[in-house]
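Listing of data02.cif, mmCIF, C-alpha atoms
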```
data_model
#
loop_
_atom_site.label_atom_id
_atom_site.label_comp_id
_atom_site.auth_asym_id
_atom_site.auth_seq_id
_atom_site.Cartn_x
_atom_site.Cartn_y
_atom_site.Cartn_z
CA MET A 1 34.17 -65.51 106.69
CA HIS A 2 36.80 -65.50 109.43
CA PRO A 3 37.39 -61.97 110.86
CA MET A 4 41.06 -62.07 109.81
CA ASN A 5 40.04 -62.97 106.27
CA GLU A 6 37.55 -60.10 106.24
CA VAL A 7 40.30 -57.65 107.22
CA LEU A 8 42.61 -58.96 104.51
CA GLU A 9 39.86 -58.84 101.90
CA ARG A 10 39.21 -55.16 102.72
CA GLN A 11 42.92 -54.51 102.38
CA LEU A 12 42.98 -56.24 99.01
CA VAL A 13 40.07 -54.14 97.74
CA GLU A 14 42.02 -50.99 98.58
CA LEU A 15 45.23 -52.42 97.13
CA ARG A 16 43.47 -53.28 93.86
CA ALA A 17 42.33 -49.67 93.55
CA THR A 18 45.91 -48.53 94.07
CA LEU A 19 47.38 -50.97 91.57
CA SER A 20 44.76 -50.03 88.97
CA THR A 21 45.56 -46.32 89.31
CA ILE A 22 49.32 -46.84 89.15
CA ALA A 23 49.12 -49.26 86.21
CA ASP A 24 46.94 -46.82 84.28
CA PHE A 25 49.12 -43.79 84.98
CA TYR A 26 52.38 -45.55 84.13
CA ALA A 27 50.98 -46.99 80.92
CA ARG A 28 51.54 -43.59 79.29
CA PRO A 29 53.80 -43.53 76.19
CA SER A 30 56.16 -41.20 78.04
CA LEU A 31 57.00 -44.08 80.40
CA ASN A 32 59.16 -45.62 77.68
CA THR A 33 61.00 -42.30 77.43
CA MET A 34 61.48 -42.29 81.18
CA GLN A 35 62.79 -45.85 81.18
CA ARG A 36 65.27 -45.07 78.38
CA SER A 37 66.40 -41.91 80.14
CA LEU A 38 67.00 -43.77 83.39
CA THR A 39 69.06 -46.47 81.71
CA ALA A 40 71.02 -43.82 79.80
CA LYS A 41 71.82 -42.02 83.04
CA ARG A 42 72.73 -45.20 84.90
CA PRO A 43 73.31 -48.30 82.75
CA ILE A 44 73.05 -50.51 85.85
CA TYR A 45 69.29 -49.87 85.73
CA ALA A 46 69.06 -51.92 82.53
CA GLY A 47 70.10 -55.02 84.47
CA GLY A 48 67.66 -54.14 87.21
CA PHE A 49 64.80 -53.94 84.72
CA VAL A 50 65.72 -57.37 83.30
CA LEU A 51 65.73 -58.82 86.82
CA THR A 52 62.38 -57.18 87.61
CA ARG A 53 60.75 -58.70 84.53
CA PHE A 54 62.08 -62.14 85.55
CA LEU A 55 60.96 -61.88 89.19
CA MET A 56 57.47 -60.71 88.22
CA GLN A 57 56.80 -64.09 86.57
CA PHE A 58 56.81 -66.00 89.91
CA ALA A 59 54.95 -65.56 93.19
CA ILE A 60 58.17 -65.86 95.21
CA GLY A 61 59.80 -63.29 92.90
CA ARG A 62 56.95 -60.83 93.34
CA MET A 63 57.18 -61.33 97.10
CA ALA A 64 60.89 -60.53 96.91
CA LEU A 65 60.18 -57.33 94.99
CA ILE A 66 57.63 -56.23 97.60
CA VAL A 67 59.97 -56.93 100.51
CA ALA A 68 62.85 -55.09 98.80
CA SER A 69 60.55 -52.15 98.02
CA ILE A 70 59.58 -51.76 101.67
CA PHE A 71 63.02 -50.41 102.48
CA PHE A 72 63.02 -47.88 99.62
CA HIS A 73 60.39 -45.67 101.25
CA GLY A 74 61.35 -42.59 103.23
CA ARG A 75 60.85 -42.82 106.96
CA ARG A 76 59.46 -39.34 107.76
CA SER A 77 55.86 -40.44 107.63
CA LEU A 78 54.33 -39.61 111.04
CA PRO A 79 52.80 -36.28 112.16
CA GLY A 80 53.70 -34.43 115.34
CA ASP A 81 51.51 -35.00 118.39
CA ASP A 82 50.07 -31.45 118.25
CA ARG A 83 48.71 -31.77 114.70
CA ILE A 84 45.21 -32.66 113.53
CA THR A 85 46.19 -33.65 109.98
CA PHE A 86 48.31 -36.43 108.49
CA GLN A 87 50.45 -34.78 105.78
CA PHE A 88 52.71 -37.06 103.77
CA SER A 89 55.30 -35.66 101.36
CA LEU A 90 57.61 -37.39 98.88
CA THR A 91 59.65 -34.52 97.45
CA ALA A 92 60.71 -30.93 98.09
CA ASN A 93 58.02 -29.75 95.65
CA ASN A 94 55.36 -31.76 97.53
CA THR A 95 56.53 -30.23 100.81
CA ALA A 96 56.46 -26.71 99.37
CA ALA A 97 52.84 -27.14 98.24
CA LEU A 98 51.76 -28.39 101.68
CA GLU A 99 53.72 -25.68 103.49
CA ARG A 100 52.07 -22.94 101.41
CA ALA A 101 48.69 -24.22 102.54
CA ASN A 102 49.82 -24.67 106.15
CA LEU A 103 51.03 -21.08 106.35
CA LEU A 104 47.53 -19.86 105.54
CA ILE A 105 45.67 -22.52 107.56
CA ASN A 106 47.71 -21.97 110.71
CA ALA A 107 47.34 -18.18 110.57
CA ALA A 108 43.57 -18.28 110.05
CA TYR A 109 42.65 -21.24 112.27
CA GLY A 110 45.20 -20.96 115.06
CA LEU A 111 46.72 -24.37 114.30
CA THR A 112 50.26 -25.71 114.08
CA GLU A 113 49.92 -27.98 111.06
CA ALA A 114 53.05 -29.15 109.26
CA VAL A 115 54.25 -31.88 106.94
CA ASN A 116 54.88 -35.18 108.74
CA ASP A 117 58.37 -34.95 110.23
CA ARG A 118 58.63 -37.89 112.65
CA LYS A 119 60.27 -41.10 111.51
CA MET A 120 58.35 -44.32 111.62
CA PRO A 121 60.35 -46.74 113.81
CA ILE A 122 62.48 -49.25 111.92
CA HIS A 123 60.69 -52.14 113.64
CA GLN A 124 57.54 -51.20 111.71
CA TYR A 125 59.46 -51.73 108.47
CA LEU A 126 60.70 -55.08 109.72
CA ARG A 127 57.20 -56.14 110.79
CA SER A 128 55.89 -55.21 107.35
CA ALA A 129 58.65 -57.19 105.66
CA LEU A 130 57.95 -60.23 107.86
CA SER A 131 54.16 -60.28 107.32
CA LEU A 132 54.61 -63.06 104.77
CA PRO A 133 50.98 -64.29 104.49
CA THR A 134 49.86 -60.75 103.60
CA ILE A 135 52.80 -60.28 101.23
CA LEU A 136 51.89 -63.53 99.48
CA ALA A 137 48.32 -62.28 99.04
CA TYR A 138 49.67 -58.98 97.68
CA ALA A 139 52.01 -60.86 95.32
CA ARG A 140 49.00 -62.66 93.86
CA GLU A 141 47.38 -59.28 93.18
CA LEU A 142 50.47 -58.30 91.18
CA LYS A 143 50.23 -61.37 88.94
CA PRO A 144 47.86 -59.85 86.32
CA TYR A 145 50.45 -57.12 85.75
CA ARG A 146 53.47 -59.39 85.38
CA ASP A 147 53.95 -58.65 81.66
CA ARG A 148 53.85 -54.86 81.97
CA ALA A 149 56.91 -52.74 81.21
CA PRO A 150 59.65 -53.31 83.81
CA LEU A 151 59.47 -49.74 85.14
CA THR A 152 55.71 -50.09 85.59
CA CYS A 153 56.34 -53.32 87.53
CA VAL A 154 58.75 -51.44 89.79
CA PHE A 155 56.06 -48.88 90.59
CA LEU A 156 53.51 -51.62 91.21
CA ALA A 157 55.84 -53.41 93.66
CA LEU A 158 56.44 -50.07 95.38
CA SER A 159 52.66 -49.64 95.59
CA ALA A 160 52.21 -52.96 97.37
CA ALA A 161 55.02 -52.09 99.78
CA ALA A 162 53.59 -48.61 100.35
CA ASP A 163 50.21 -50.14 101.20
CA LEU A 164 51.78 -52.18 103.99
CA LEU A 165 53.72 -49.24 105.39
CA MET A 166 50.97 -46.63 105.16
CA ARG A 167 48.59 -48.87 107.08
CA ARG A 168 51.09 -48.99 109.93
CA ALA A 169 51.71 -45.23 109.74
CA LEU A 170 47.99 -44.42 109.99
CA ALA A 171 47.57 -46.91 112.84
CA ALA A 172 50.54 -45.39 114.71
CA ALA A 173 49.28 -41.81 114.32
CA PRO A 174 45.51 -41.84 113.67
CA ARG A 175 44.11 -38.59 112.27
CA LYS A 176 40.75 -37.66 110.72
CA HIS A 177 42.25 -35.68 107.84
CA VAL A 178 44.89 -36.82 105.33
CA LEU A 179 46.61 -34.31 103.03
CA VAL A 180 48.96 -35.12 100.15
CA ALA A 181 50.52 -33.07 97.34
CA ASN A 182 50.85 -35.89 94.82
CA ASP A 183 48.12 -38.00 93.23
CA HIS A 184 50.10 -40.46 91.10
CA SER A 185 53.01 -41.89 93.13
CA PRO A 186 52.72 -45.32 94.78
CA ALA A 187 52.95 -44.09 98.38
CA THR A 188 50.39 -41.30 98.08
CA VAL A 189 47.92 -43.31 95.98
CA ALA A 190 48.12 -46.15 98.52
CA LEU A 191 47.70 -43.72 101.43
CA LEU A 192 44.61 -42.10 99.87
CA ASN A 193 42.92 -45.43 99.13
CA ILE A 194 43.57 -46.71 102.65
CA ALA A 195 42.35 -43.46 104.22
CA ARG A 196 39.17 -43.48 102.14
CA GLY A 197 38.59 -47.12 103.07
CA GLN A 198 38.82 -46.14 106.72
CA GLY A 199 36.37 -43.26 106.30
CA LEU A 200 38.95 -40.51 106.75
CA LYS A 201 38.70 -37.17 104.96
CA THR A 202 41.27 -36.74 102.19
CA ALA A 203 42.63 -33.68 100.41
CA TYR A 204 44.93 -33.36 97.40
CA LEU A 205 47.03 -30.24 96.79
CA GLN A 206 48.46 -29.83 93.30
CA HIS A 207 52.24 -29.32 93.29
CA GLY A 208 53.08 -29.13 89.56
CA GLN A 209 51.55 -28.87 86.12
CA VAL A 210 49.15 -31.67 85.16
CA THR A 211 47.61 -33.19 82.03
CA ASP A 212 44.61 -35.42 81.39
CA ASP A 213 46.97 -38.40 81.70
CA PHE A 214 46.86 -37.90 85.47
CA PRO A 215 44.48 -39.91 87.67
CA PRO A 216 40.99 -38.39 88.11
CA LEU A 217 40.27 -36.40 91.26
CA VAL A 218 38.97 -38.71 94.01
CA CYS A 219 39.56 -36.79 97.26
CA ASP A 220 36.97 -35.04 99.40
CA LEU A 221 38.77 -31.79 98.60
CA SER A 222 41.12 -30.90 95.74
CA VAL A 223 43.24 -27.74 95.79
CA LEU A 224 44.35 -26.83 92.27
CA HIS A 225 46.59 -24.13 90.83
CA ASN A 226 44.34 -22.76 88.12
CA GLU A 227 41.39 -23.20 85.76
CA CYS A 228 43.57 -25.00 83.21
CA SER A 229 44.35 -27.72 85.77
CA LEU A 230 40.66 -28.06 86.57
CA GLN A 231 39.87 -28.62 82.89
CA ALA A 232 42.69 -31.18 82.58
CA TYR A 233 41.23 -33.17 85.48
CA ARG A 234 37.76 -32.87 83.99
CA ARG A 235 39.08 -34.45 80.77
CA ALA A 236 40.84 -37.13 82.84
CA ALA A 237 37.50 -38.08 84.39
CA GLN A 238 35.79 -38.14 80.99
CA LYS A 239 38.51 -40.37 79.49
CA ARG A 240 38.02 -42.93 82.25
CA GLY A 241 34.23 -42.67 82.48
CA VAL A 242 34.16 -41.58 86.12
CA PRO A 243 32.25 -38.66 87.70
CA PHE A 244 33.92 -35.30 88.19
CA PRO A 245 33.71 -33.74 91.68
CA ASP A 246 31.25 -30.98 92.46
CA ARG A 247 32.78 -27.53 91.99
CA ASP A 248 32.49 -26.75 95.71
CA ALA A 249 34.91 -29.65 96.38
CA ILE A 250 37.62 -27.82 94.43
CA LEU A 251 39.57 -24.79 95.67
CA MET A 252 42.24 -22.70 93.96
CA LEU A 253 45.62 -21.90 95.46
CA PRO A 254 48.44 -20.97 93.07
CA SER A 255 52.06 -21.63 93.95
CA PHE A 256 53.06 -17.96 93.97
CA SER A 257 54.20 -15.60 96.71
CA ASP A 258 53.46 -12.36 94.84
CA ASN A 259 51.14 -10.87 92.26
CA PHE A 260 51.36 -11.32 88.50
CA ARG A 261 53.77 -9.23 86.41
CA MET A 262 53.38 -8.84 82.67
CA PRO A 263 56.36 -10.39 80.79
CA ARG A 264 58.37 -7.74 78.99
CA VAL A 265 61.82 -7.58 77.39
CA GLY A 266 63.55 -4.38 78.43
CA PRO A 267 65.61 -2.08 76.22
CA GLU A 268 68.98 -3.63 77.16
CA PRO A 269 68.60 -7.37 77.94
CA ASP A 270 71.80 -9.27 78.68
CA HIS A 271 70.77 -12.25 80.87
CA ILE A 272 69.20 -15.52 79.69
CA CYS A 273 68.17 -18.44 81.89
CA VAL A 274 67.82 -21.96 80.49
CA TYR A 275 65.31 -23.93 82.59
CA LEU A 276 66.09 -27.65 82.50
CA SER A 277 63.50 -30.40 82.75
CA ASN A 278 63.93 -33.66 84.65
CA PHE A 279 65.29 -35.43 81.56
CA PRO A 280 67.49 -32.89 79.74
CA SER A 281 69.00 -33.59 76.32
CA VAL A 282 72.62 -32.61 76.91
CA ASP A 283 73.62 -32.63 73.23
CA ALA A 284 70.83 -30.26 72.18
CA LEU A 285 71.32 -28.02 75.21
CA THR A 286 75.06 -27.83 74.58
CA ARG A 287 74.37 -26.56 71.05
CA LEU A 288 71.82 -24.09 72.42
CA VAL A 289 74.21 -22.67 75.02
CA ALA A 290 76.94 -22.34 72.38
CA THR A 291 74.55 -20.37 70.18
CA LEU A 292 73.54 -18.14 73.07
CA ALA A 293 77.16 -17.47 73.97
CA GLN A 294 77.81 -16.23 70.43
CA GLN A 295 75.21 -13.45 70.77
CA ALA A 296 76.98 -10.20 71.51
CA TRP A 297 74.16 -8.89 73.72
CA VAL A 298 74.16 -12.01 75.96
CA LYS A 299 76.48 -11.43 78.92
CA ARG A 300 75.15 -14.07 81.36
CA ILE A 301 73.65 -17.53 80.83
CA SER A 302 72.14 -19.23 83.89
CA LEU A 303 71.20 -22.92 84.06
CA ARG A 304 68.39 -23.78 86.45
CA ARG A 305 68.02 -27.48 87.21
CA HIS A 306 64.76 -29.32 87.74
CA PRO A 307 64.76 -30.39 91.44
CA ARG A 308 65.30 -34.06 90.43
CA CYS A 309 67.80 -33.38 87.63
CA LYS A 310 71.22 -34.82 88.53
CA THR A 311 72.69 -34.75 85.01
CA ASP A 312 76.32 -33.67 84.58
CA LEU A 313 76.22 -30.19 83.00
CA ASN A 314 79.94 -29.59 82.49
CA ARG A 315 79.58 -29.72 78.72
CA LEU A 316 77.10 -26.87 78.87
CA LEU A 317 79.43 -24.83 81.05
CA SER A 318 82.23 -25.33 78.54
CA ALA A 319 79.98 -24.33 75.65
CA GLY A 320 79.09 -21.10 77.46
CA GLU A 321 82.54 -19.58 76.88
CA GLY A 322 82.78 -18.17 80.38
CA LYS A 323 79.25 -16.71 80.38
CA CYS A 324 77.51 -19.78 81.81
CA GLU A 325 76.69 -20.64 85.44
CA ILE A 326 74.69 -23.32 87.28
CA LEU A 327 72.32 -21.86 89.85
CA ASP A 328 71.99 -23.29 93.32
CA ARG A 329 68.48 -23.82 94.69
CA ARG A 330 68.42 -20.56 96.67
CA SER A 331 69.58 -18.44 93.73
CA ALA A 332 67.15 -20.18 91.38
CA ALA A 333 64.21 -19.31 93.63
CA THR A 334 64.84 -15.55 93.40
CA LEU A 335 66.17 -15.29 89.85
CA ARG A 336 64.42 -12.99 87.37
CA PRO A 337 66.36 -13.10 84.08
CA HIS A 338 65.57 -10.89 81.11
CA ILE A 339 64.59 -13.90 78.93
CA GLY A 340 64.07 -17.59 79.69
CA ILE A 341 64.29 -20.69 77.51
CA VAL A 342 62.26 -23.72 78.56
CA SER A 343 61.41 -27.24 77.42
CA ASN A 344 58.72 -29.39 79.07
CA SER A 345 58.51 -28.19 82.64
CA GLY A 346 55.94 -26.73 85.01
CA VAL A 347 58.40 -23.91 85.70
CA VAL A 348 56.87 -22.21 82.64
CA ILE A 349 53.94 -20.91 84.68
CA GLU A 350 56.14 -19.75 87.56
CA ALA A 351 58.51 -17.84 85.26
CA LEU A 352 55.74 -16.18 83.24
CA HIS A 353 53.96 -15.19 86.46
CA ARG A 354 57.12 -13.41 87.58
CA GLY A 355 57.32 -11.47 84.32
CA VAL A 356 60.01 -13.48 82.52
CA PRO A 357 59.42 -13.69 78.72
CA LEU A 358 59.98 -17.28 77.60
CA LEU A 359 60.85 -19.25 74.47
CA TYR A 360 59.98 -22.94 74.03
CA PHE A 361 62.98 -25.07 73.02
CA ALA A 362 61.46 -28.42 72.06
CA GLU A 363 64.77 -30.29 71.68
CA GLY A 364 65.84 -29.53 75.26
CA ASP A 365 64.61 -32.80 76.77
CA THR A 366 63.49 -36.31 75.90
CA ILE A 367 59.86 -35.73 76.88
CA PRO A 368 57.27 -35.78 74.03
CA TYR A 369 56.83 -32.52 72.13
CA ASP A 370 54.77 -29.86 73.92
CA TYR A 371 53.77 -32.33 76.64
CA TYR A 372 51.89 -29.73 78.69
CA GLY A 373 50.37 -27.95 75.67
CA TYR A 374 51.99 -24.56 76.33
CA ALA A 375 52.94 -24.06 72.67
CA GLU A 376 49.56 -25.22 71.38
CA ASP A 377 47.78 -22.86 73.79
CA LYS A 378 50.07 -20.03 72.65
CA ILE A 379 51.38 -19.47 76.14
CA VAL A 380 55.01 -19.58 74.96
CA PRO A 381 56.43 -18.87 71.48
CA ILE A 382 58.69 -21.36 69.72
CA TYR A 383 62.42 -20.73 70.00
CA THR A 384 64.26 -19.78 66.81
CA GLU A 385 67.67 -18.20 66.31
CA GLU A 386 65.84 -15.25 64.75
CA ASN A 387 64.35 -14.52 68.19
CA LEU A 388 67.86 -14.05 69.52
CA LYS A 389 68.84 -11.46 66.92
CA ALA A 390 66.09 -9.06 67.99
CA PRO A 391 64.87 -10.11 71.48
CA GLN A 392 62.56 -7.09 71.90
CA THR A 393 60.31 -8.51 69.17
CA LEU A 394 59.05 -10.97 71.82
CA ASN A 395 57.02 -8.14 73.31
CA ALA A 396 54.57 -8.40 70.41
CA PHE A 397 53.76 -11.99 71.46
CA TYR A 398 53.16 -11.02 75.10
CA SER A 399 50.12 -8.88 74.33
CA ASP A 400 46.74 -8.25 75.95
CA ALA A 401 45.41 -11.27 74.04
CA TRP A 402 48.21 -13.38 75.57
CA ARG A 403 47.32 -12.04 79.01
CA ALA A 404 43.74 -13.24 78.57
CA ARG A 405 44.96 -16.71 77.53
CA PHE A 406 47.39 -16.89 80.44
CA SER A 407 44.68 -16.10 82.99
CA MET A 408 43.59 -19.74 82.58
CA TYR A 409 46.97 -20.72 84.03
CA ASP A 410 47.31 -17.97 86.63
CA PRO A 411 44.33 -16.73 88.68
CA THR A 412 46.34 -13.71 89.88
CA VAL A 413 46.16 -12.24 86.37
CA GLU A 414 42.57 -11.23 87.17
CA LYS A 415 42.62 -11.19 91.00
CA GLU A 416 44.99 -10.08 93.73
CA LEU A 417 46.85 -12.99 95.31
CA HIS A 418 45.47 -12.05 98.72
CA ASP A 419 41.89 -12.47 97.46
CA VAL A 420 42.67 -15.91 96.00
CA GLN A 421 44.29 -16.98 99.28
CA ALA A 422 41.36 -15.67 101.32
CA SER A 423 38.95 -17.81 99.26
CA PHE A 424 41.12 -20.86 99.96
CA VAL A 425 41.19 -20.13 103.70
CA MET A 426 37.42 -19.87 103.92
CA GLY A 427 36.87 -22.95 101.73
CA ILE A 428 39.16 -25.31 103.61
CA GLY A 429 37.34 -24.65 106.87
CA GLY A 430 34.57 -27.00 105.79
CA PHE A 431 37.08 -29.77 105.16
CA LEU A 432 38.70 -29.26 108.58
CA GLY A 433 35.35 -28.78 110.33
CA ARG A 434 36.51 -25.48 111.83
CA GLN A 435 35.75 -21.78 111.76
CA PRO A 436 38.58 -19.26 111.33
CA THR A 437 39.81 -17.80 114.61
CA ARG A 438 40.81 -14.60 112.86
CA GLU A 439 40.13 -12.86 109.58
CA ALA A 440 42.28 -14.12 106.68
CA SER A 441 45.14 -11.64 106.65
CA GLY A 442 47.43 -10.57 103.86
CA ILE A 443 49.72 -13.56 104.18
CA GLN A 444 51.36 -14.38 100.89
CA SER A 445 52.89 -17.83 101.13
CA GLY A 446 56.39 -18.45 99.88
#
```
Since I need it in another form, could you write the structure as structure tokens?
Amino acid sequence: MHPMNEVLERQLVELRATLSTIADFYARPSLNTMQRSLTAKRPIYAGGFVLTRFLMQFAIGRMALIVASIFFHGRRSLPGDDRITFQFSLTANNTAALERANLLINAAYGLTEAVNDRKMPIHQYLRSALSLPTILAYARELKPYRDRAPLTCVFLALSAAADLLMRRALAAAPRKHVLVANDHSPATVALLNIARGQGLKTAYLQHGQVTDDFPPLVCDLSVLHNECSLQAYRRAAQKRGVPFPDRDAILMLPSFSDNFRMPRVGPEPDHICVYLSNFPSVDALTRLVATLAQQAWVKRISLRRHPRCKTDLNRLLSAGEGKCEILDRRSAATLRPHIGIVSNSGVVIEALHRGVPLLYFAEGDTIPYDYYGYAEDKIVPIYTEENLKAPQTLNAFYSDAWRARFSMYDPTVEKELHDVQASFVMGIGGFLGRQPTREASGIQSG
């Protein structure tokens, strides 16, 4: 085989692994909900999905989708010259997860690691878009997926584009260690498969709550939030018939900056926070806020957005009868209301850790009922209007038995945060091939 053909064939092997992972993950039933929510938010997306389905039927159309997708990727994908790791982030939540780890790593190992913050030059994007023979080969790999749901096809085209770009990023800034905080988005899945194909060490840091719908763990090191996440990934491996990593390839690092507080409703509560998911149901939430505003003891209603939620919330403000406010990101990070109401969101664990008693409001979003299993696991009680009439009765739910159940979601229930962080610091040294330059101190990452 010609050397150039050998290189392309290796690329295609890695691309196939990426496409398989993305196609499997976005075959979930909730994808249809996501697609409907997107078109409801922006009707123009409906036309885009029709066009995507049409283009996927032809090689030239699939090539066009790949080329267009190249320019949708963020450009901050190169590490600084003084860093030993390649850390790629897609969102603020991804960045926060990596920065928590970096704070501990840098203090213990005397490093200056950070999330990639240099832009890849625009000419690299243009070169990727003009590599037509490779794009044609990639378009052929997309053909078996041409009849998938349009949104899945979008993610698959993004995966092919990400493969082209991540190869150039790794070539421009070669590192021996690759760290990501997302295991199911096109760019990070492509990056991990390319890095593994090149013999680089890879690490995945969990950034949000997971289920067994997520891809199995495949990295040399996985840093998870809690035992519940570990069990979810174990089930994910069993569902797909793949081996689960050895326990010493998994570390724990929760997303907290302080120790656990037991949720408790005080004698005079007056502040409720409604935590919104990424796909809020405005009609149901408007009715909820109106009901809350009618409670005499409720003086303040705060709305905390999901980081990607851009929905217009003016109807909720109006329903709040002057008691309602929308929190900015800084205020949301420090808020500790007397009671919280949640739908399907990973913020459940964060709020409970900080001592906020919660109620689960199933109608608050368009995501399937109890998607993360919090209600089934009896981590949160179901919202009813009766709860509002006597809020202190929630204290009976948040008992010692609840505390034992919640320890599966929060390792700081049983251990001090410092001890959990110290175990992470010592464990990641093997991945980095380094010994700590100082004893793990009492850093508590924010």
Once you count only C-alpha atoms, what closest atom pair and distance in Å to one decimal does each residue of region 58-143 of chain A within 8 Å of region 205-216 of chain A have, with rows by chain and rising residue number, as a tab-separated table?
```
residue	atom	partner	partner_atom	distance
A:Asn93	CA	A:His207	CA	6.3
A:Asn94	CA	A:His207	CA	5.8
A:Ala96	CA	A:His207	CA	7.8
A:Ala97	CA	A:His207	CA	5.4
A:Leu98	CA	A:Leu205	CA	7.1
```
Q. Hey, can you check how far CA of Ile70 (chain A) sits from CA of Phe88 (chain A)?
A. 16.4 Å
Evaluate the PyMOL selection byres ((chain A and resi 69) around 10) on the structure here and hand back the selected residues as an mmCIF file with C-alpha atoms, keeping the file's coordinate frame.
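File out.cif, as written:
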```
data_model
loop_
_atom_site.group_PDB
_atom_site.id
_atom_site.type_symbol
_atom_site.label_atom_id
_atom_site.label_comp_id
_atom_site.auth_asym_id
_atom_site.auth_seq_id
_atom_site.Cartn_x
_atom_site.Cartn_y
_atom_site.Cartn_z
ATOM 1 C CA MET A 63 57.180 -61.330 97.100
ATOM 2 C CA ALA A 64 60.890 -60.530 96.910
ATOM 3 C CA LEU A 65 60.180 -57.330 94.990
ATOM 4 C CA ILE A 66 57.630 -56.230 97.600
ATOM 5 C CA VAL A 67 59.970 -56.930 100.510
ATOM 6 C CA ALA A 68 62.850 -55.090 98.800
ATOM 7 C CA ILE A 70 59.580 -51.760 101.670
ATOM 8 C CA PHE A 71 63.020 -50.410 102.480
ATOM 9 C CA PHE A 72 63.020 -47.880 99.620
ATOM 10 C CA HIS A 73 60.390 -45.670 101.250
ATOM 11 C CA ALA A 129 58.650 -57.190 105.660
ATOM 12 C CA VAL A 154 58.750 -51.440 89.790
ATOM 13 C CA PHE A 155 56.060 -48.880 90.590
ATOM 14 C CA LEU A 156 53.510 -51.620 91.210
ATOM 15 C CA ALA A 157 55.840 -53.410 93.660
ATOM 16 C CA LEU A 158 56.440 -50.070 95.380
ATOM 17 C CA SER A 159 52.660 -49.640 95.590
ATOM 18 C CA ALA A 160 52.210 -52.960 97.370
ATOM 19 C CA ALA A 161 55.020 -52.090 99.780
ATOM 20 C CA ALA A 162 53.590 -48.610 100.350
#
```
Q.
At a cut-off of 12 Å, using all atoms listed in the file, what residues contact Phe397 (chain A)? Leave out same-chain residues fewer than 3 positions from it and give the result as a ChimeraX atom specification.
A. /A:262-265,357-359,378-382,387,391-394,400-403,405
Q: Just say which residues the PyMOL selection byres ((chain A and resi 21-23) around 7) picks in this file, as a PyMOL selection string.
A: chain A and resi 17-20+24-27+152+156+184+186+215
Q) How would you write, as a PyMOL selection string, the residues chosen by the PyMOL selection byres ((chain A and resi 126) around 12) on this structure? A) chain A and resi 67-68+70-71+120-125+127-132+161+164-165+168
**Q.** Best match for closeness to Ala46 (chain A) among A:Leu78, A:Val178, A:Leu151, A:Ala107, counting only C-alpha atoms
**A.**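 Smallest separation from Ala46 (chain A) among the options: A:Leu151.
For the pair CA of Ile194 (chain A) and CA of Glu14 (chain A), the interatomic distance is 6.1 Å.
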Q: Mind giving me the straight-line distance from CA of Lys323 (chain A) to CA of Val298 (chain A) in Å, one decimal?
A: 8.2 Å
**Q.** Nearest-residue call for Cys219 (chain A), choices A:Gly241, A:Gly197, A:Pro411, A:Pro79, using only C-alpha atoms
**A.**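 For Cys219 (chain A), the nearest of the candidates is A:Gly197.
Comparing A:Ser302, A:Thr33, A:Gln11, A:Asn5 by their smallest distance to Tyr369 (chain A), the closest is A:Thr33 (using all atoms listed in the file).
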Q: For Ile272 (chain A), list every protein, DNA or RNA residue within 12 Å, evaluated using all atoms listed in the file, and leave out those in the same chain fewer than 3 positions away; present the list as JSON, numbers by chain.
A: {"A": [265, 269, 275, 288, 289, 291, 292, 293, 295, 297, 298, 299, 300, 301, 302, 303, 304, 320, 323, 324, 325, 335, 336, 337, 338, 339, 340, 341, 342, 356, 357, 358, 359, 388, 391]}
Q: Would you list the contacts of Ser281 (chain A) as number ranges by chain, taking every protein, DNA or RNA residue within 12 Å and counting only C-alpha atoms, but skipping same-chain residues closer than 2 positions in sequence?
A: A: 33, 37, 40-41, 276-279, 283-288, 309, 311-313, 315-316, 343-344, 361-367
**Q.** Residue with smallest distance to Arg148 (chain A) - pool A:Leu230, A:Leu221, A:Val115, A:Met56, counting all atoms listed in the file
**A.**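 Distance minimum relative to Arg148 (chain A) lands on A:Met56.
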**Q.** Protein and nucleic acid residues near (34.9, -20.5, 111.4) (cut-off 12 Å, only C-alpha atoms) as a PyMOL selection string
**A.** chain A and resi 105+108-110+425-440
